[in-house]
>>> print(open('final.txt').read())   # compact mmCIF, C-alpha atoms
# COMPACT_ATOMS: atom_id res chain seq x y z
CA MET Q 1 120.92 116.41 106.57
CA ARG Q 2 119.17 113.39 105.05
CA ALA Q 3 115.76 113.89 103.46
CA LEU Q 4 113.30 112.07 101.23
CA THR Q 5 113.26 113.76 97.80
CA TRP Q 6 111.11 113.52 94.70
CA GLN Q 7 113.10 112.34 91.68
CA GLY Q 8 110.40 111.59 89.12
CA THR Q 9 107.03 109.91 88.70
CA GLU Q 10 106.96 106.94 91.10
CA LYS Q 11 110.59 107.58 92.04
CA VAL Q 12 111.76 109.02 95.37
CA SER Q 13 115.11 108.72 97.13
CA VAL Q 14 116.78 109.72 100.38
CA GLU Q 15 119.53 112.24 99.68
CA THR Q 16 121.84 114.59 101.55
CA VAL Q 17 120.49 118.15 101.27
CA PRO Q 18 121.45 121.44 102.97
CA ASP Q 19 120.36 121.85 106.59
CA PRO Q 20 117.49 124.34 107.00
CA THR Q 21 118.27 127.71 108.58
CA ILE Q 22 116.31 130.55 110.18
CA GLN Q 23 115.24 132.87 107.34
CA GLU Q 24 112.60 135.02 109.04
CA PRO Q 25 112.22 136.16 112.67
CA THR Q 26 109.08 134.02 112.96
CA ASP Q 27 110.85 130.79 111.88
CA ALA Q 28 111.82 127.80 113.98
CA ILE Q 29 113.99 124.77 113.23
CA VAL Q 30 112.60 121.43 114.42
CA ARG Q 31 114.56 118.19 114.71
CA ILE Q 32 112.14 115.56 113.43
CA THR Q 33 111.53 112.54 115.63
CA SER Q 34 108.64 111.02 113.66
CA THR Q 35 107.19 111.80 110.25
CA ALA Q 36 104.43 109.93 108.46
CA ILE Q 37 103.65 109.09 104.85
CA CYS Q 38 100.21 110.44 103.96
CA GLY Q 39 97.85 109.20 101.29
CA SER Q 40 98.15 112.68 99.79
CA ASP Q 41 101.88 112.05 99.30
CA LEU Q 42 100.94 109.27 96.90
CA HIS Q 43 99.31 111.85 94.61
CA LEU Q 44 102.72 113.51 94.33
CA TYR Q 45 104.36 110.14 93.82
CA ARG Q 46 102.06 109.18 90.94
CA VAL Q 47 100.05 112.09 89.54
CA LEU Q 48 101.24 115.62 90.33
CA GLY Q 49 104.79 115.40 89.01
CA PRO Q 50 104.38 118.39 86.64
CA TYR Q 51 104.25 120.67 89.71
CA ILE Q 52 107.30 119.25 91.50
CA ASP Q 53 111.00 119.71 90.80
CA LYS Q 54 113.58 117.00 91.10
CA GLY Q 55 115.08 117.18 94.59
CA ASP Q 56 112.03 118.68 96.34
CA VAL Q 57 111.74 117.41 99.93
CA LEU Q 58 108.42 115.70 100.61
CA GLY Q 59 106.31 115.16 103.73
CA HIS Q 60 103.73 117.09 105.73
CA GLU Q 61 103.02 115.02 108.87
CA PRO Q 62 105.99 115.70 111.20
CA MET Q 63 106.70 116.21 114.86
CA GLY Q 64 109.89 116.72 116.82
CA ILE Q 65 111.98 118.88 119.13
CA VAL Q 66 112.59 122.61 118.69
CA GLU Q 67 116.28 123.22 118.00
CA GLU Q 68 116.29 126.95 117.21
CA VAL Q 69 113.80 129.83 117.15
CA GLY Q 70 113.73 133.19 115.41
CA SER Q 71 113.83 136.43 117.35
CA ALA Q 72 110.05 137.00 117.03
CA VAL Q 73 109.04 133.57 118.33
CA THR Q 74 108.04 133.88 121.98
CA ASN Q 75 105.67 130.94 122.37
CA LEU Q 76 108.34 128.26 121.83
CA LYS Q 77 111.76 127.58 123.28
CA VAL Q 78 114.58 125.23 122.43
CA GLY Q 79 113.73 121.75 123.68
CA ASP Q 80 109.96 122.02 123.30
CA ARG Q 81 108.23 119.00 121.78
CA VAL Q 82 105.89 120.03 118.98
CA VAL Q 83 103.60 118.70 116.29
CA VAL Q 84 103.70 120.69 113.05
CA PRO Q 85 100.36 121.12 111.21
CA PHE Q 86 100.59 120.49 107.48
CA ASN Q 87 99.17 123.85 106.45
CA ILE Q 88 101.22 126.98 107.11
CA SER Q 89 99.13 129.80 108.55
CA CYS Q 90 99.73 133.09 110.32
CA GLY Q 91 96.88 133.07 112.87
CA HIS Q 92 95.97 136.74 112.48
CA CYS Q 93 94.65 137.34 108.94
CA TYR Q 94 90.96 137.55 107.94
CA MET Q 95 90.76 133.83 107.11
CA CYS Q 96 92.66 132.56 110.14
CA GLN Q 97 90.50 134.61 112.47
CA ARG Q 98 87.46 132.85 111.00
CA GLY Q 99 88.85 129.36 111.52
CA LEU Q 100 89.85 128.93 107.88
CA GLN Q 101 93.58 128.46 108.38
CA SER Q 102 93.84 126.43 105.17
CA GLN Q 103 92.93 129.65 103.34
CA CYS Q 104 95.42 131.87 105.22
CA GLU Q 105 95.79 135.13 103.32
CA THR Q 106 99.39 135.57 104.47
CA THR Q 107 100.61 132.31 102.92
CA GLN Q 108 98.13 131.91 100.03
CA VAL Q 109 99.93 130.85 96.85
CA THR Q 110 98.42 133.52 94.64
CA ALA Q 111 100.56 132.60 91.62
CA TYR Q 112 98.49 129.43 91.29
CA GLY Q 113 95.26 130.71 92.79
CA SER Q 114 95.70 128.29 95.69
CA GLY Q 115 95.04 128.44 99.41
CA ALA Q 116 97.56 128.39 102.25
CA ALA Q 117 101.04 127.03 101.66
CA LEU Q 118 101.63 123.41 102.68
CA PHE Q 119 104.78 121.59 103.71
CA GLY Q 120 106.26 119.35 101.03
CA TYR Q 121 103.46 119.81 98.53
CA THR Q 122 104.24 121.15 95.03
CA LYS Q 123 104.54 124.61 93.51
CA MET Q 124 100.75 125.00 93.72
CA TYR Q 125 101.12 125.11 97.50
CA GLY Q 126 104.32 127.07 97.88
CA GLN Q 127 107.03 124.43 97.27
CA VAL Q 128 108.01 124.59 100.94
CA PRO Q 129 110.51 121.83 101.88
CA GLY Q 130 108.72 119.07 103.75
CA GLY Q 131 109.10 117.08 106.92
CA GLN Q 132 110.29 113.66 105.73
CA ALA Q 133 113.73 114.75 106.79
CA GLU Q 134 116.02 115.06 109.79
CA TYR Q 135 115.23 118.77 110.26
CA LEU Q 136 112.48 121.14 109.18
CA ARG Q 137 112.27 124.90 108.89
CA VAL Q 138 108.84 125.94 110.19
CA PRO Q 139 107.59 129.35 108.97
CA HIS Q 140 105.14 131.24 111.20
CA ALA Q 141 106.31 129.22 114.19
CA ASP Q 142 104.85 131.94 116.40
CA TYR Q 143 101.45 130.37 115.59
CA GLY Q 144 101.65 127.03 113.78
CA PRO Q 145 103.39 124.38 115.91
CA ILE Q 146 101.38 122.61 118.61
CA LYS Q 147 103.24 122.11 121.92
CA VAL Q 148 102.66 118.65 123.37
CA PRO Q 149 103.79 116.94 126.59
CA ASP Q 150 107.35 115.62 126.79
CA THR Q 151 106.12 112.16 127.76
CA GLY Q 152 104.33 109.47 125.80
CA ALA Q 153 104.84 107.88 122.42
CA ASP Q 154 105.03 110.04 119.31
CA ASP Q 155 102.10 108.13 117.81
CA GLN Q 156 99.79 109.58 120.45
CA TRP Q 157 100.34 113.08 119.03
CA LEU Q 158 101.80 112.71 115.53
CA PHE Q 159 98.50 112.53 113.71
CA MET Q 160 97.44 115.94 114.99
CA SER Q 161 99.64 117.21 112.16
CA ASP Q 162 97.04 116.25 109.55
CA ILE Q 163 94.97 113.10 109.44
CA LEU Q 164 93.21 113.27 112.82
CA PRO Q 165 91.91 116.85 112.43
CA THR Q 166 91.26 116.13 108.74
CA ALA Q 167 89.05 113.21 109.74
CA TRP Q 168 87.34 115.27 112.45
CA GLN Q 169 86.58 118.07 109.99
CA ALA Q 170 85.31 115.52 107.46
CA VAL Q 171 82.82 114.12 109.96
CA GLN Q 172 81.75 117.59 111.09
CA TYR Q 173 81.20 118.60 107.47
CA ALA Q 174 79.10 115.44 106.91
CA ASP Q 175 76.56 116.94 109.35
CA VAL Q 176 75.07 113.67 110.57
CA PRO Q 177 72.09 114.23 112.88
CA GLU Q 178 71.84 112.61 116.30
CA GLY Q 179 71.11 108.92 115.84
CA GLY Q 180 71.95 109.13 112.15
CA THR Q 181 74.11 107.05 109.82
CA LEU Q 182 77.54 108.02 108.52
CA ALA Q 183 79.01 106.22 105.50
CA VAL Q 184 82.79 106.36 105.10
CA LEU Q 185 84.30 105.52 101.74
CA GLY Q 186 87.86 104.25 102.08
CA LEU Q 187 89.57 102.93 105.20
CA GLY Q 188 93.02 104.31 104.72
CA PRO Q 189 94.37 106.42 107.61
CA VAL Q 190 91.86 109.28 107.28
CA GLY Q 191 88.98 106.90 106.71
CA GLN Q 192 89.94 104.85 109.78
CA PHE Q 193 89.89 107.95 111.97
CA ALA Q 194 86.69 109.29 110.36
CA ALA Q 195 84.92 106.01 111.07
CA ARG Q 196 86.16 105.94 114.69
CA ILE Q 197 85.17 109.57 115.20
CA GLY Q 198 81.70 108.90 113.83
CA LYS Q 199 81.31 106.01 116.25
CA HIS Q 200 82.68 108.12 119.13
CA LEU Q 201 80.05 110.76 118.38
CA GLY Q 202 77.28 108.18 118.60
CA HIS Q 203 76.55 107.65 114.91
CA ARG Q 204 75.99 104.38 113.13
CA VAL Q 205 78.97 104.01 110.79
CA ILE Q 206 79.09 101.95 107.59
CA ALA Q 207 82.47 101.88 105.83
CA VAL Q 208 83.40 100.68 102.33
CA GLU Q 209 86.88 99.29 101.70
CA PRO Q 210 88.26 96.64 99.29
CA VAL Q 211 91.24 95.63 101.49
CA ALA Q 212 90.36 93.00 104.09
CA GLU Q 213 92.99 94.07 106.67
CA ARG Q 214 91.64 97.61 106.65
CA ARG Q 215 88.08 96.40 107.15
CA ALA Q 216 89.23 94.20 110.05
CA LEU Q 217 90.90 97.15 111.81
CA ALA Q 218 87.74 99.25 111.53
CA GLU Q 219 85.59 96.41 112.80
CA LYS Q 220 87.58 96.46 116.08
CA TYR Q 221 85.92 99.84 116.73
CA GLY Q 222 82.37 98.66 116.05
CA ILE Q 223 82.25 99.83 112.44
CA GLU Q 224 80.04 97.96 109.98
CA THR Q 225 82.10 97.29 106.85
CA LEU Q 226 81.36 96.42 103.25
CA ASP Q 227 83.66 95.21 100.52
CA LEU Q 228 83.86 97.35 97.36
CA THR Q 229 81.35 95.75 95.01
CA ASP Q 230 79.36 96.98 92.04
CA ASP Q 231 76.20 97.16 94.15
CA VAL Q 232 77.72 98.69 97.30
CA ALA Q 233 75.71 101.93 97.03
CA GLU Q 234 72.50 99.90 96.75
CA ARG Q 235 73.52 97.91 99.82
CA ILE Q 236 74.04 101.10 101.85
CA VAL Q 237 70.59 102.30 100.78
CA GLU Q 238 69.07 98.95 101.77
CA MET Q 239 70.81 99.09 105.19
CA THR Q 240 69.31 102.52 105.89
CA ASP Q 241 65.58 101.84 105.40
CA GLY Q 242 65.79 102.52 101.68
CA ARG Q 243 66.85 106.14 102.17
CA GLY Q 244 70.65 106.22 102.14
CA ALA Q 245 73.19 107.53 104.63
CA ASP Q 246 72.57 110.88 106.32
CA GLY Q 247 76.18 111.88 105.63
CA VAL Q 248 78.93 110.40 103.48
CA VAL Q 249 82.66 110.99 103.91
CA ASP Q 250 84.75 110.37 100.79
CA ALA Q 251 88.18 109.60 102.24
CA VAL Q 252 89.56 108.29 98.94
CA GLY Q 253 89.96 111.12 96.46
CA THR Q 254 91.35 111.36 92.97
CA GLU Q 255 93.00 107.96 92.71
CA ALA Q 256 89.94 105.86 93.52
CA GLU Q 257 89.83 102.37 92.06
CA GLY Q 258 87.32 101.58 89.35
CA ASN Q 259 87.91 104.04 86.48
CA LYS Q 260 90.55 102.65 84.13
CA ALA Q 261 90.16 105.44 81.57
CA ALA Q 262 90.77 108.21 84.14
CA ALA Q 263 93.64 106.23 85.64
CA ALA Q 264 95.26 105.92 82.21
CA ALA Q 265 94.78 109.63 81.55
CA GLN Q 266 96.41 110.54 84.87
CA ALA Q 267 99.35 108.23 84.13
CA ILE Q 268 99.86 109.70 80.66
CA VAL Q 269 99.71 113.32 81.86
CA GLY Q 270 102.18 112.52 84.64
CA LYS Q 271 104.79 111.49 82.07
CA LEU Q 272 104.40 114.44 79.67
CA PRO Q 273 106.85 117.38 79.64
CA ASP Q 274 105.94 119.71 82.50
CA PRO Q 275 104.66 122.70 80.43
CA ILE Q 276 102.29 120.47 78.46
CA ALA Q 277 101.20 118.47 81.49
CA LYS Q 278 100.47 121.62 83.51
CA LYS Q 279 98.30 123.01 80.72
CA MET Q 280 96.34 119.78 80.46
CA MET Q 281 95.85 119.53 84.21
CA ASN Q 282 94.75 123.17 84.43
CA THR Q 283 92.19 122.88 81.63
CA ALA Q 284 91.23 119.25 81.14
CA GLY Q 285 92.35 117.37 84.25
CA VAL Q 286 90.10 114.56 85.40
CA ASP Q 287 89.81 112.55 88.58
CA ARG Q 288 88.94 108.92 89.10
CA MET Q 289 85.43 109.49 90.42
CA ALA Q 290 84.42 105.98 91.47
CA ALA Q 291 84.27 106.94 95.16
CA LEU Q 292 82.33 110.12 94.44
CA THR Q 293 79.85 108.16 92.34
CA ILE Q 294 79.21 105.85 95.27
CA ALA Q 295 78.76 108.89 97.51
CA PHE Q 296 76.25 110.46 95.12
CA GLU Q 297 74.25 107.23 94.96
CA SER Q 298 74.37 106.28 98.65
CA VAL Q 299 73.54 109.60 100.33
CA ARG Q 300 69.90 110.15 101.26
CA ARG Q 301 67.79 112.97 99.92
CA GLY Q 302 68.65 116.12 101.85
CA GLY Q 303 71.89 114.53 103.05
CA THR Q 304 75.47 115.78 102.98
CA ILE Q 305 78.61 114.60 101.20
CA SER Q 306 81.93 115.57 102.78
CA LEU Q 307 85.10 115.34 100.69
CA SER Q 308 88.38 114.89 102.57
CA GLY Q 309 90.16 112.94 99.84
CA VAL Q 310 92.19 115.18 97.53
CA TYR Q 311 90.71 116.00 94.12
CA VAL Q 312 92.62 117.85 91.41
CA GLY Q 313 90.42 117.68 88.31
CA THR Q 314 89.25 120.75 86.41
CA ALA Q 315 86.94 118.98 83.95
CA ASP Q 316 85.15 116.42 86.10
CA PRO Q 317 81.57 115.56 85.09
CA PHE Q 318 79.06 116.03 87.91
CA PRO Q 319 75.50 114.58 87.93
CA LEU Q 320 73.99 117.94 88.81
CA LEU Q 321 70.47 116.91 87.86
CA SER Q 322 70.52 114.11 90.45
CA LEU Q 323 72.31 116.17 93.13
CA PHE Q 324 69.89 119.06 92.68
CA ASP Q 325 66.87 116.77 92.72
CA LYS Q 326 68.09 115.01 95.88
CA GLN Q 327 68.87 118.37 97.54
CA VAL Q 328 72.37 117.21 98.44
CA THR Q 329 74.83 119.43 100.32
CA LEU Q 330 78.48 119.13 99.27
CA ARG Q 331 81.29 120.32 101.60
CA MET Q 332 85.01 119.97 101.07
CA GLY Q 333 88.46 121.46 101.48
CA GLN Q 334 91.84 121.19 103.16
CA CYS Q 335 91.64 120.82 106.90
CA ASN Q 336 91.81 123.87 109.15
CA VAL Q 337 93.96 122.16 111.78
CA HIS Q 338 93.97 124.86 114.46
CA ARG Q 339 90.18 125.19 114.29
CA TRP Q 340 89.74 121.77 115.88
CA LEU Q 341 92.50 121.76 118.52
CA ASP Q 342 90.33 122.71 121.49
CA THR Q 343 88.16 119.66 120.84
CA LEU Q 344 90.82 117.16 119.80
CA VAL Q 345 93.62 117.79 122.31
CA PRO Q 346 91.53 116.67 125.32
CA LEU Q 347 90.57 113.48 123.45
CA VAL Q 348 94.16 112.69 122.52
CA GLU Q 349 95.30 113.31 126.11
CA ARG Q 350 92.87 110.74 127.55
CA ASP Q 351 94.43 107.55 128.91
CA ASP Q 352 91.74 105.39 127.28
CA ASP Q 353 92.70 106.66 123.77
CA PRO Q 354 89.10 106.84 122.50
CA LEU Q 355 90.10 107.51 118.88
CA GLY Q 356 92.85 104.89 118.78
CA THR Q 357 95.72 107.22 117.94
CA GLU Q 358 98.16 104.53 119.04
CA ASP Q 359 96.37 101.83 117.03
CA LEU Q 360 96.94 102.84 113.42
CA VAL Q 361 100.63 102.47 112.53
CA THR Q 362 101.44 99.22 110.73
CA HIS Q 363 104.98 100.07 109.65
CA ARG Q 364 107.63 102.10 111.50
CA VAL Q 365 110.93 102.20 109.64
CA PRO Q 366 114.08 104.32 109.34
CA LEU Q 367 113.94 107.28 106.96
CA GLU Q 368 116.35 105.48 104.62
CA LYS Q 369 113.64 102.91 103.87
CA ALA Q 370 111.11 105.54 102.78
CA PRO Q 371 111.36 104.74 99.03
CA GLU Q 372 110.35 101.10 99.49
CA MET Q 373 107.57 102.09 101.87
CA TYR Q 374 106.13 104.51 99.30
CA GLU Q 375 105.83 101.55 96.95
CA THR Q 376 104.36 99.29 99.64
CA PHE Q 377 101.81 101.92 100.70
CA THR Q 378 100.88 102.69 97.08
CA ASN Q 379 100.27 99.04 96.29
CA LYS Q 380 98.51 98.34 99.63
CA GLU Q 381 100.88 95.45 100.28
CA ASP Q 382 101.98 93.75 103.50
CA GLY Q 383 98.87 94.94 105.36
CA CYS Q 384 100.09 98.52 105.08
CA ILE Q 385 97.73 101.11 106.54
CA LYS Q 386 100.00 103.78 108.04
CA VAL Q 387 103.76 104.28 107.73
CA VAL Q 388 105.85 106.32 110.17
CA LEU Q 389 109.46 107.18 109.36
CA ASP Q 390 112.11 107.60 112.06
CA PRO Q 391 114.86 109.97 110.88
CA ALA Q 392 117.02 109.20 113.94
CA SER Q 393 117.33 105.44 113.36
>>> encode(input="final.txt", output="structure tokens")
Amino acid sequence: MRALTWQGTEKVSVETVPDPTIQEPTDAIVRITSTAICGSDLHLYRVLGPYIDKGDVLGHEPMGIVEEVGSAVTNLKVGDRVVVPFNISCGHCYMCQRGLQSQCETTQVTAYGSGAALFGYTKMYGQVPGGQAEYLRVPHADYGPIKVPDTGADDQWLFMSDILPTAWQAVQYADVPEGGTLAVLGLGPVGQFAARIGKHLGHRVIAVEPVAERRALAEKYGIETLDLTDDVAERIVEMTDGRGADGVVDAVGTEAEGNKAAAAAQAIVGKLPDPIAKKMMNTAGVDRMAALTIAFESVRRGGTISLSGVYVGTADPFPLLSLFDKQVTLRMGQCNVHRWLDTLVPLVERDDDPLGTEDLVTHRVPLEKAPEMYETFTNKEDGCIKVVLDPAS
């Protein structure tokens, strides 16, 4: 089959790799009909190379048609249309039973002290081949895949794999009171959905984004937007009666703009020999914290900061004096996709598309064009907000 593979820092290519096969009775094989590039994939592309091997298949936002099931899979049959959540969970362990599927004890990557295994996402998360490919082996298919109707465009359902539930969890974690204000930092795919969800829930939403096309898309949904300026945190405080936002979602993460020193450090570490780079990342890794700094400064006293952007640093400086004094709550973590299905599925099914699931994709291209789209998405060129790859074209 053809699949998008990691070949080095800022280098990916579509190669012919072995077709996946059933390895466990709870496996399924899915023929991929749509698979998206996630902002988290860009961390692999640019930063996390020490934890990836040349030839690893990337991607964790797929959907498609079931082609084969293992003998223990009774909830799926050949021909079913499914969305595959990015985290791999069993559904029956202590963590899964408590709605913490991203911490599944069956698939935890204990060798790295990490949570549940993820598709297409480094040795730290199991090094499971990903979904930017023609076919995907899905472990724990007796629980993970989400059956969806046979009709309708893929875009209606595709984002249930990751970014829609990730955005929902981010807003829930922000804990905005009724009539309150939600600030969203970053209007990439997760930020777009977080802002729309906040508006859908009745909150006032203020979003910060340096790219004009991304601000314009959010404004279609009634979102107030601000450009990224040096005084943007002060402006949010001014817009909220001098208090700050009740909740702030950081939908940016480790590669935020604005910290040249941290950016240079990440670039240098990414090019070191793997054993040295791993040691540095495990003991002295730093993130670009420009977005977090804005969050710290723009949240009100007693407010909540919700992190949905990926952070990987182990030596990040935190302004604990200020956070303690302001009595700030900080919540974060990988999304627990299955936890939010009962709420999200009815919204996605609605004919009026209240969250705009079919109004996000800016680029749909064949799988073979994935390498150039990684570059376009990374550089925020050509109005790129969300890329979907079509392995069949």
>>> closest_residue(input="final.txt", among="Q:Lys54, Q:Lys147, Q:His363, Q:Arg2", to="Asp382 of chain Q", atoms="only C-alpha atoms")
Q:His363
>>> closest_residue(input="final.txt", among="Q:Gly242, Q:Gly113, Q:Gly179, Q:Pro391", to="Gly198 of chain Q", atoms="all atoms listed in the file")
Q:Gly179
>>> closest_residue(input="final.txt", among="Q:Ala167, Q:Leu187, Q:Arg339, Q:Tyr112", to="Arg98 of chain Q", atoms="all atoms listed in the file")
Q:Arg339
>>> closest_residue(input="final.txt", among="Q:Glu219, Q:Gly8, Q:Cys38, Q:Val148", to="Pro346 of chain Q", atoms="only C-alpha atoms")
Q:Val148
>>> atom_distance(input="final.txt", atom1="atom CA of Met63 of chain Q", atom2="atom CA of Thr35 of chain Q")
6.4 Å
>>> atom_distance(input="final.txt", atom1="atom CA of Lys326 of chain Q", atom2="atom CA of Ala183 of chain Q")
17.0 Å
>>> closest_residue(input="final.txt", among="Q:Val12, Q:Leu360, Q:Leu136, Q:Val205", to="Arg46 of chain Q", atoms="only C-alpha atoms")
Q:Val12
>>> atom_distance(input="final.txt", atom1="atom CA of Val176 of chain Q", atom2="atom CA of Cys104 of chain Q")
27.8 Å
>>> residues_around(input="final.txt", residues="Leu323 of chain Q", least_positions_apart="4", cutoff="10 Å", atoms="all atoms listed in the file", output="VMD selection string")
chain Q and resid 296 to 297 299 301 to 302 318 to 319 327 to 330
>>> write_last_selection(input="final.txt", atoms="C-alpha atoms", output="mmCIF file, keeping the file's coordinate frame")
data_model
loop_
_atom_site.group_PDB
_atom_site.id
_atom_site.type_symbol
_atom_site.label_atom_id
_atom_site.label_comp_id
_atom_site.auth_asym_id
_atom_site.auth_seq_id
_atom_site.Cartn_x
_atom_site.Cartn_y
_atom_site.Cartn_z
ATOM 1 C CA PHE Q 296 76.250 110.460 95.120
ATOM 2 C CA GLU Q 297 74.250 107.230 94.960
ATOM 3 C CA VAL Q 299 73.540 109.600 100.330
ATOM 4 C CA ARG Q 301 67.790 112.970 99.920
ATOM 5 C CA GLY Q 302 68.650 116.120 101.850
ATOM 6 C CA PHE Q 318 79.060 116.030 87.910
ATOM 7 C CA PRO Q 319 75.500 114.580 87.930
ATOM 8 C CA GLN Q 327 68.870 118.370 97.540
ATOM 9 C CA VAL Q 328 72.370 117.210 98.440
ATOM 10 C CA THR Q 329 74.830 119.430 100.320
ATOM 11 C CA LEU Q 330 78.480 119.130 99.270
#
>>> closest_residue(input="final.txt", among="Q:Met1, Q:Met124, Q:Val47, Q:Leu164", to="Val337 of chain Q", atoms="all atoms listed in the file")
Q:Leu164
>>> residues_around(input="final.txt", residues="segment 115-121 of chain Q", least_positions_apart="6", cutoff="9 Å", atoms="only C-alpha atoms", output="VMD selection string")
chain Q and resid 40 to 41 44 51 to 52 56 to 61 85 to 89 101 to 109 127 to 132 138 334
>>> residues_around(input="final.txt", residues="Trp340 of chain Q", least_positions_apart="6", cutoff="9 Å", atoms="all atoms listed in the file", output="PDB file with C-alpha atoms, in the coordinates of the input")
ATOM      1  CA  GLY Q  99      88.850 129.360 111.520  1.00  0.00           C
ATOM      2  CA  PRO Q 165      91.910 116.850 112.430  1.00  0.00           C
ATOM      3  CA  TRP Q 168      87.340 115.270 112.450  1.00  0.00           C
ATOM      4  CA  GLN Q 169      86.580 118.070 109.990  1.00  0.00           C
TER       5      GLN Q 169
END
>>> residues_around(input="final.txt", residues="Lys220 of chain Q", least_positions_apart="6", cutoff="12 Å", atoms="only C-alpha atoms", output="number ranges by chain")
Q: 192, 195-196, 199, 213-214, 355-356, 359-360
>>> residues_near_point(input="final.txt", point="(90.8, 114.0, 96.9)", cutoff="9 Å", atoms="all atoms listed in the file", output="list in words")
Ser40, Asp250, Ala251, Val252, Gly253, Thr254, Glu255, Ala256, Asp287, Leu307, Ser308, Gly309, Val310, Tyr311 and Val312 of chain Q
>>> write_last_selection(input="final.txt", atoms="C-alpha atoms", output="compact mmCIF listing (two decimals), in the frame of the given file")
# COMPACT_ATOMS: atom_id res chain seq x y z
CA SER Q 40 98.15 112.68 99.79
CA ASP Q 250 84.75 110.37 100.79
CA ALA Q 251 88.18 109.60 102.24
CA VAL Q 252 89.56 108.29 98.94
CA GLY Q 253 89.96 111.12 96.46
CA THR Q 254 91.35 111.36 92.97
CA GLU Q 255 93.00 107.96 92.71
CA ALA Q 256 89.94 105.86 93.52
CA ASP Q 287 89.81 112.55 88.58
CA LEU Q 307 85.10 115.34 100.69
CA SER Q 308 88.38 114.89 102.57
CA GLY Q 309 90.16 112.94 99.84
CA VAL Q 310 92.19 115.18 97.53
CA TYR Q 311 90.71 116.00 94.12
CA VAL Q 312 92.62 117.85 91.41
>>> residues_around(input="final.txt", residues="Val387 of chain Q", least_positions_apart="6", cutoff="10 Å", atoms="all atoms listed in the file", output="ChimeraX atom specification")
/Q:35-38,189,360-365,370,373-374,376-377
>>> residues_near_point(input="final.txt", point="(108.8, 127.4, 108.9)", cutoff="7 Å", atoms="all atoms listed in the file", output="PyMOL selection string")
chain Q and resi 27-28+137-141
>>> write_last_selection(input="final.txt", atoms="C-alpha atoms", output="compact mmCIF listing (two decimals), keeping the file's coordinate frame")
# COMPACT_ATOMS: atom_id res chain seq x y z
CA ASP Q 27 110.85 130.79 111.88
CA ALA Q 28 111.82 127.80 113.98
CA ARG Q 137 112.27 124.90 108.89
CA VAL Q 138 108.84 125.94 110.19
CA PRO Q 139 107.59 129.35 108.97
CA HIS Q 140 105.14 131.24 111.20
CA ALA Q 141 106.31 129.22 114.19
